[in-house]
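Peer 1: Dropping the structure in here first, questions after.
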Number of protein chains: 4
Amino acid sequence: MIFQSDNVSGAAPEILDALARGMVGTAVSYGADPATARLEAALAEVFETEDLAVLPIATGSAANALALALLCPPWGAIYNEAHAHIAVDECGAPEFYTGGAKLVGLAGDHGKLAPGDLEDALAASGKGDVHQVQPAALSLTQATECGTVYTVAEVAALAAVARAHGLGVHMDGARFANAVAATGAAPADLTWRAGVDILSFGGTKNGCLAAEAVILFGRDPAREWEAGLRRKRAGHLVSKMRVISLQLEAYLADGLWLDLARRANARARRLGEGLATLPGGAPIHPVEANEVFAPLPATVLAAFDAAGVGWARWDATTARMVCAFDTTDADVDHALGVARAALADTGAAVS
Amino acid sequence: MIFQSDNVSGAAPEILDALARGMVGTAVSYGADPATARLEAALAEVFETEDLAVLPIATGSAANALALALLCPPWGAIYNEAHAHIAVDECGAPEFYTGGAKLVGLAGDHGKLAPGDLEDALAASGKGDVHQVQPAALSLTQATECGTVYTVAEVAALAAVARAHGLGVHMDGARFANAVAATGAAPADLTWRAGVDILSFGGTKNGCLAAEAVILFGRDPAREWEAGLRRKRAGHLVSKMRVISLQLEAYLADGLWLDLARRANARARRLGEGLATLPGGAPIHPVEANEVFAPLPATVLAAFDAAGVGWARWDATTARMVCAFDTTDADVDHALGVARAALADTGAAVS
Amino acid sequence: MIFQSDNVSGAAPEILDALARGMVGTAVSYGADPATARLEAALAEVFETEDLAVLPIATGSAANALALALLCPPWGAIYNEAHAHIAVDECGAPEFYTGGAKLVGLAGDHGKLAPGDLEDALAASGKGDVHQVQPAALSLTQATECGTVYTVAEVAALAAVARAHGLGVHMDGARFANAVAATGAAPADLTWRAGVDILSFGGTKNGCLAAEAVILFGRDPAREWEAGLRRKRAGHLVSKMRVISLQLEAYLADGLWLDLARRANARARRLGEGLATLPGGAPIHPVEANEVFAPLPATVLAAFDAAGVGWARWDATTARMVCAFDTTDADVDHALGVARAALADTGAAVS
Amino acid sequence: MIFQSDNVSGAAPEILDALARGMVGTAVSYGADPATARLEAALAEVFETEDLAVLPIATGSAANALALALLCPPWGAIYNEAHAHIAVDECGAPEFYTGGAKLVGLAGDHGKLAPGDLEDALAASGKGDVHQVQPAALSLTQATECGTVYTVAEVAALAAVARAHGLGVHMDGARFANAVAATGAAPADLTWRAGVDILSFGGTKNGCLAAEAVILFGRDPAREWEAGLRRKRAGHLVSKMRVISLQLEAYLADGLWLDLARRANARARRLGEGLATLPGGAPIHPVEANEVFAPLPATVLAAFDAAGVGWARWDATTARMVCAFDTTDADVDHALGVARAALADTGAAVS
């Protein structure tokens, strides 16, 4: 089922080793342990600032929902690209955590919002009208749901619009590593320096077992205390916190996270380029991170199924294929071979 | 910090090994993987029935809150012993998950509810009065917050009262293994055969890293679907589900869970018996599982702190000490030695 | 400010009289009073069935939110026309009452949904996918937000699609009287016989002070009990219930409600026809109930403001003018005169 | 059914007159009408300050829940006397509005909290511990649920404890008029000067039809905006707001509210004194406002039922009888006569 999603992948050996070593013996619970302290230091280094707070958490949905609840009251509106995970893949987790906020989906271009569209939406938002929910947050997905990546300038432009209207800025970084690897930008430049308030920093899709972190940029004891209470109340304060911290510590050590992401991105590029040579295989979105979206013919999809090559339906005409850190060139070439053979059987001209 | 809580302990090697082996390579996500299937089979065997459904989940608070939300509507009341973890240690997680239900704490005896008291409370509950929240669930903690254990007959008697009044029955089994080890009763007898509808089956406090399961007794597709949606919405549907399932599978294999619990219980018994020989050290609750509650003098507590012996304040006059699967006889004897020396220094007559 | 909305109108004298007479002396509280019983009987007659339950309530937003909470769980989706009051004018009340459900706005034609569009939306809804909110309810607005009216056949066709997919059907009838008056259809035909499960039956906009009723079609004690508890919990169980019941009783007596609605509808027709004769005044939606939407030039709107003629901005290019039971022909003619004069001043050719 | 509750009473004629006059003709909706402005001015005068904001609302439960939601986050705790209406008579409305806060009931003396008990409870509250809900608000009921009244000094002492611990102070004044009438204290002294942040100012139980006001002491635009959004979202922003404002305006005019309360209080005193002369009739709480609690024998209660004299069961041994503004001396004497006759029939010595 490789290619179905990056969450079908296993865990990176370095991370498993860290767990095996770090989970022996006692450690203070609930985050006061040394591994969590080391993780905080590592993130401070990666993001080039001590002015942040970190909440390790087990899932990306929880990270997103928690972050949004910190930015948006029950009567608030959260602006997002229409395909955003928070809007269509979390069964209403943001609504649950916020106490009933409303998500406002805007059409994007290859999954990316445009500042002008956000500006227009906010102008029509009913701000100040007690009959309407009040604009509260912008949520950007980086890398996007369409496998593209915001540049630093693009993040900054969107965040500037949001901030000018008093909105907080959240970044869903379930695939943040892939975006950093793709852009080569500094994590700080892609986030707080560009105006991001809270980042859902993902590890699970890129070699961890189950490890994410909510990163709050800008120290604010009241907000951090609220974050801690919300996390606890959501059942997400893992008692043996080092379980998550150890994973993320190993993930960050020696740039492993970016190595893993580069591998996944490279495989996706190879896959996209290969598909592009096939009739009907050209990706519909630029392949910038680790995902490929292509309008593959039914015959190819059937052949994938028969051969155990994973894929997921994206919409009526498009298949999504995702590469992970442990996808190999051979996996990619196998998929391409299956596709080529299927098309050859149907007489299509395969280059 | 040993004795501070059972969640300062590490993970059992068998469980770490299972993770190290099982997290390599691909597996279907969101619970359709082989490890989760094997876990379900293992739990069916342990509970002697196929008529159950299993939701692996990362924390006990989430397991409890999810279970209670399945049993109690927003306008419902949940009856529990006044010290219950759901009432005093989860920052309102049950209120959050249920959408605002009310917890009604009843006084217990050594942490255990009495059927007559439950009967009285239900008689005064305002059932059928639209102005009052409506009785919906009973939550029992097994082992209890006071380190005692309900017998099969005690569970059955309480569940019978609850069911006669139309309440669902939840069991918070964060320390279920310790209770099974203590009573020697069959898990089935302590739960569904005694009238328990949903069990929070704990692993974390007894050798797992972060692994619990919500077990729904009696197949009910509508309830299971609701449970799945609630879990997802709470951010608790771990994508690489095998992370949890592998832990619990190893936990159950060859009776490991009960071996670990027996060790913890034995250490607590040794600790309790040792303290009982000291002036002011006699446990205030029967030591039936892995916790000891004793009115230790300040001098002893100070000596513990100085010597790095863990403990936690239970109330103004009582200290709680908890043993885990990896607490050793030497750890216990060390603590007893520190206590004895502290008392000797003060001139107390130490037996 | 006449024409700004139908809620700037006063109360009908018959209704004020009923209050003045009925609020003297004692009556059992919380709905067990004779006036409420009489109201129930009157609604049974109007809707030609005893098979309904009635919850008087003070506002339309509360009626809608309560109805939707009965039809839609926290993880559900409610389908509605994009302009629906529940979506854009209630500050998230449905999200609050449901515990975080999602409203899905579909584009309509003059405010009316088409069965095919609903069918398409439901086909793409992610039903059965645990990652997505689950379709639960259809909410129709009758008369619509665009001043149009669904025919019996149209309601039935939409409800049929909804029911085929397992959705409950809600009708926001804040202007139900206007719709009945416009169509001449039997209330029963427009609601339960067409597949409507719950009706928000409005009185406030049509001559009451503050009086609505949630009407549950089909007796179901469990649903009614839940409805009662939800109403109480929302602070909407008015203790001196007769306050609302007396209003609605007088509203229904001798067909007053339809007389009042016919007056409002006639004034709107007169206004629409008058505006249609002016340059740029032609209504953009059929004037079927008591609202007129016209792309009035800024000069006219400024003249309205100067002359104290009410109107409300609908969107960037359209003004909304609403007639109430107490709007007079003279009011309409005055407004038209102001508009005509404003246009004459600008040299526009006024017919 | 007189005496069953003060909400079985009708409306005062002055208030009905105000409605009949004020509800004719148009007025701006949603609170921007002249009657609401006049009400605000009247309350400013009554409370001797312009430094307040007013939200008219239809029910006392909504007023309380809204006030508490402003003072207490979802993870907060609200301290109240154990019998408080918010805790036992509102079906969890505070939990609903706050998003799942916890109510902590403390034992009172004749319905009144003692500062020392509040201090003790707060000391044991787990403030600062992420595992526990955080103390956020104190809610006082004035007059209390036991028919007693806090003095100015008592309110101030309790509020001082609350404020010293960072809690906001709410007063449930469903019977505030009765308390003012009983104490003779200035409304300002009983509220903001004593440390009350938000008052639920009741009208319904004392001669209005359905009219309360949430009074926020101390102008704070952000809090007022939040209050407005919360009210709207709860379906409590009455469109024809003057419906409520007119009632309260008439209620306050010329001291009507205190006249009405004095009548009710006087009748209760007469009733209490009368019952005190009967065997088993002595009130168990001081009769300071308009309620009488007496351990009336079953034979008396049966006679009441037979004679149509209202009462309500308070607890297993106590009946509650409530006087309203329209209860007459004759009503009281009739009830006493029925009681006396019933006791005479049983051979009891009636003084």
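Ligands are numbered from 1 in the order shown, chains are lettered A, B, ... in the order of the structure tokens, and residues start at 1 in each chain.
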Which of segment 228-265 of chain A end up as alpha helix (DSSP H) when DSSP is run on this backbone - answer as an MDAnalysis selection string?

Peer 2: chainID A and resid 228:233 242:252 256:265

Peer 1: Give me, as an NGL selection string, the contact residues of chain D against chain B at a cut-off of 9 Å, counting only C-alpha atoms.

Peer 2: :D and (74-76 or 87-103 or 126 or 129-134)

Peer 1: Take atom CA of Ala42 of chain B and atom CA of Ala65 of chain B and report the distance between them in Å, one decimal.

Peer 2: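 Separation between atom CA of Ala42 of chain B and atom CA of Ala65 of chain B: 24.1 Å.
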
Peer 1: Which residues, written as a PyMOL selection string, have at least one atom at most 12 Å from Pro221 of chain A, with only C-alpha atoms counted and residues fewer than 5 positions away on the same chain left out?

Peer 2: chain A and resi 51-53+216+226-228

Peer 1: Given only C-alpha atoms as the basis, pick out the residue of C:Ala179, C:Gly184, C:Ser5, C:Ala162 nearest to Ala319 of chain C.

Peer 2: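 Counting only C-alpha atoms, the residue closest to Ala319 of chain C is C:Ser5.
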
Peer 1: Pick out the residues sitting within 12 Å of Ile15 of chain D, and hand them over as number ranges by chain; count only C-alpha atoms, and ignore anything fewer than 4 positions along from it in its own chain.

Peer 2: C: 19-20, 23-24; D: 10-11, 19-23, 203-204, 206-211, 243-253, 256-257, 260

Peer 1: Mind checking which residues fall within 9 Å of Ala84 of chain B, counting only C-alpha atoms, ignoring those fewer than 2 positions away in the same chain, and posting them as number ranges by chain?

Peer 2: B: 80-82, 86-89, 105, 111, 139-141, 144-145, 172

Peer 1: With C-alpha atoms retained, write the just-selected residues as a compact mmCIF listing (two decimals), in the first residue's frame.

Peer 2:
```
# COMPACT_ATOMS: atom_id res chain seq x y z
CA ASN B 80 -18.68 8.50 40.69
CA GLU B 81 -16.76 8.15 43.91
CA ALA B 82 -15.70 11.61 45.02
CA ILE B 86 -12.49 11.65 36.05
CA ALA B 87 -13.68 14.13 38.66
CA VAL B 88 -10.48 15.57 40.05
CA ASP B 89 -7.56 14.79 37.78
CA GLY B 105 -19.33 12.67 43.44
CA GLY B 111 -12.48 4.67 47.50
CA SER B 139 -18.29 5.30 36.60
CA LEU B 140 -16.32 2.89 38.77
CA THR B 141 -12.57 3.03 39.19
CA THR B 144 -9.76 2.54 43.01
CA GLU B 145 -8.08 5.84 43.66
CA ASP B 172 -12.00 3.36 34.63
```

Peer 1: Write out as a PyMOL selection string the residues lying within 12 Å of Ala182 of chain D, counting only C-alpha atoms and excluding same-chain residues fewer than 2 positions away.

Peer 2: chain D and resi 142-143+147-152+175-180+184-187+190+258-266+268-269+286-291

Peer 1: So that I have them on file, write out the residues from the current selection with N, CA and C atoms, as a CSV table (one decimal), in the first residue's frame.

Peer 2:
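Output file again.csv is given in full below:
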```
chain,number,residue,atom,x,y,z
D,142,GLN,N,-29.1,36.0,45.6
D,142,GLN,CA,-29.6,37.0,46.5
D,142,GLN,C,-31.0,37.5,46.0
D,143,ALA,N,-32.1,37.3,46.7
D,143,ALA,CA,-32.2,36.5,47.9
D,143,ALA,C,-31.8,35.0,47.6
D,147,GLY,N,-34.6,31.6,51.0
D,147,GLY,CA,-35.4,32.7,51.4
D,147,GLY,C,-34.8,33.7,52.4
D,148,THR,N,-33.5,33.5,52.5
D,148,THR,CA,-32.7,34.5,53.3
D,148,THR,C,-32.0,35.5,52.5
D,149,VAL,N,-31.4,36.5,53.1
D,149,VAL,CA,-30.8,37.6,52.4
D,149,VAL,C,-29.4,37.9,52.9
D,150,TYR,N,-28.5,38.0,52.0
D,150,TYR,CA,-27.1,38.5,52.4
D,150,TYR,C,-27.2,40.0,52.7
D,151,THR,N,-26.5,40.3,53.8
D,151,THR,CA,-26.3,41.8,54.0
D,151,THR,C,-25.2,42.3,53.1
D,152,VAL,N,-25.1,43.6,53.1
D,152,VAL,CA,-24.1,44.2,52.3
D,152,VAL,C,-22.7,43.7,52.8
D,175,ARG,N,-34.4,37.1,42.5
D,175,ARG,CA,-35.2,37.7,43.5
D,175,ARG,C,-34.4,38.9,44.2
D,176,PHE,N,-33.7,39.6,43.3
D,176,PHE,CA,-32.9,40.7,43.8
D,176,PHE,C,-33.8,41.8,44.5
D,177,ALA,N,-35.0,42.0,43.9
D,177,ALA,CA,-35.9,43.0,44.4
D,177,ALA,C,-36.3,42.7,45.8
D,178,ASN,N,-36.6,41.4,46.0
D,178,ASN,CA,-37.0,41.0,47.4
D,178,ASN,C,-35.8,41.2,48.4
D,179,ALA,N,-34.6,41.0,47.9
D,179,ALA,CA,-33.5,41.2,48.8
D,179,ALA,C,-33.3,42.7,49.1
D,180,VAL,N,-33.4,43.6,48.1
D,180,VAL,CA,-33.3,45.0,48.3
D,180,VAL,C,-34.4,45.4,49.3
D,184,GLY,N,-33.3,46.9,52.7
D,184,GLY,CA,-33.3,48.3,52.7
D,184,GLY,C,-32.0,48.9,52.2
D,185,ALA,N,-31.1,48.1,51.8
D,185,ALA,CA,-29.8,48.5,51.3
D,185,ALA,C,-29.9,49.1,49.9
D,186,ALA,N,-29.0,50.0,49.5
D,186,ALA,CA,-28.9,50.5,48.2
D,186,ALA,C,-28.5,49.4,47.2
D,187,PRO,N,-29.1,49.3,46.1
D,187,PRO,CA,-28.7,48.3,45.1
D,187,PRO,C,-27.2,48.4,44.8
D,190,LEU,N,-25.3,46.6,47.5
D,190,LEU,CA,-25.4,45.2,47.5
D,190,LEU,C,-24.7,44.5,46.4
D,258,LEU,N,-39.8,47.7,43.9
D,258,LEU,CA,-39.6,47.5,45.3
D,258,LEU,C,-41.0,47.4,46.0
D,259,ASP,N,-41.9,48.2,45.5
D,259,ASP,CA,-43.3,48.0,46.0
D,259,ASP,C,-43.8,46.6,45.8
D,260,LEU,N,-43.6,46.1,44.7
D,260,LEU,CA,-44.1,44.7,44.4
D,260,LEU,C,-43.3,43.7,45.3
D,261,ALA,N,-42.0,43.9,45.5
D,261,ALA,CA,-41.3,43.0,46.3
D,261,ALA,C,-41.7,43.1,47.8
D,262,ARG,N,-42.0,44.3,48.2
D,262,ARG,CA,-42.4,44.5,49.6
D,262,ARG,C,-43.7,43.8,49.9
D,263,ARG,N,-44.6,43.9,48.9
D,263,ARG,CA,-45.8,43.1,49.1
D,263,ARG,C,-45.6,41.6,49.2
D,264,ALA,N,-44.8,41.1,48.3
D,264,ALA,CA,-44.5,39.6,48.4
D,264,ALA,C,-43.8,39.3,49.7
D,265,ASN,N,-42.8,40.1,50.1
D,265,ASN,CA,-42.1,39.8,51.4
D,265,ASN,C,-43.1,39.9,52.6
D,266,ALA,N,-44.0,40.8,52.5
D,266,ALA,CA,-44.9,41.0,53.7
D,266,ALA,C,-45.8,39.8,53.8
D,268,ALA,N,-45.1,36.8,52.8
D,268,ALA,CA,-44.4,35.6,53.2
D,268,ALA,C,-44.2,35.7,54.8
D,269,ARG,N,-43.9,36.9,55.2
D,269,ARG,CA,-43.8,37.1,56.7
D,269,ARG,C,-45.1,36.7,57.4
D,286,PRO,N,-35.0,31.5,58.4
D,286,PRO,CA,-35.6,32.8,58.7
D,286,PRO,C,-36.3,33.3,57.4
D,287,VAL,N,-37.5,33.9,57.6
D,287,VAL,CA,-38.3,34.3,56.5
D,287,VAL,C,-37.9,35.8,56.2
D,288,GLU,N,-37.0,36.0,55.4
D,288,GLU,CA,-36.4,37.3,55.1
D,288,GLU,C,-36.9,37.9,53.8
D,289,ALA,N,-37.2,37.1,52.9
D,289,ALA,CA,-37.7,37.6,51.6
D,289,ALA,C,-39.1,37.1,51.3
D,290,ASN,N,-39.4,36.4,50.2
D,290,ASN,CA,-40.7,36.0,49.9
D,290,ASN,C,-41.0,34.5,49.9
D,291,GLU,N,-40.1,33.8,50.6
D,291,GLU,CA,-40.3,32.3,50.6
D,291,GLU,C,-40.3,31.8,52.1
```

Peer 1: Interatomic distance between atom CA of Asp17 of chain D and atom CA of Asp17 of chain C?

Peer 2: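 Value for the atom CA of Asp17 of chain D-atom CA of Asp17 of chain C distance: 10.4 Å.
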
Peer 1: What lies within 6 Å of Asp197 of chain B using only C-alpha atoms, ignoring chain neighbours under 6 positions off, as a VMD selection string?

Peer 2: chain B and resid 169 to 170 217

Peer 1: Run DSSP on the backbone and give me the residues of segment 107-148 of chain D it puts in strand (DSSP E or B), as a PyMOL selection string.

Peer 2: chain D and resi 109+112+134-141
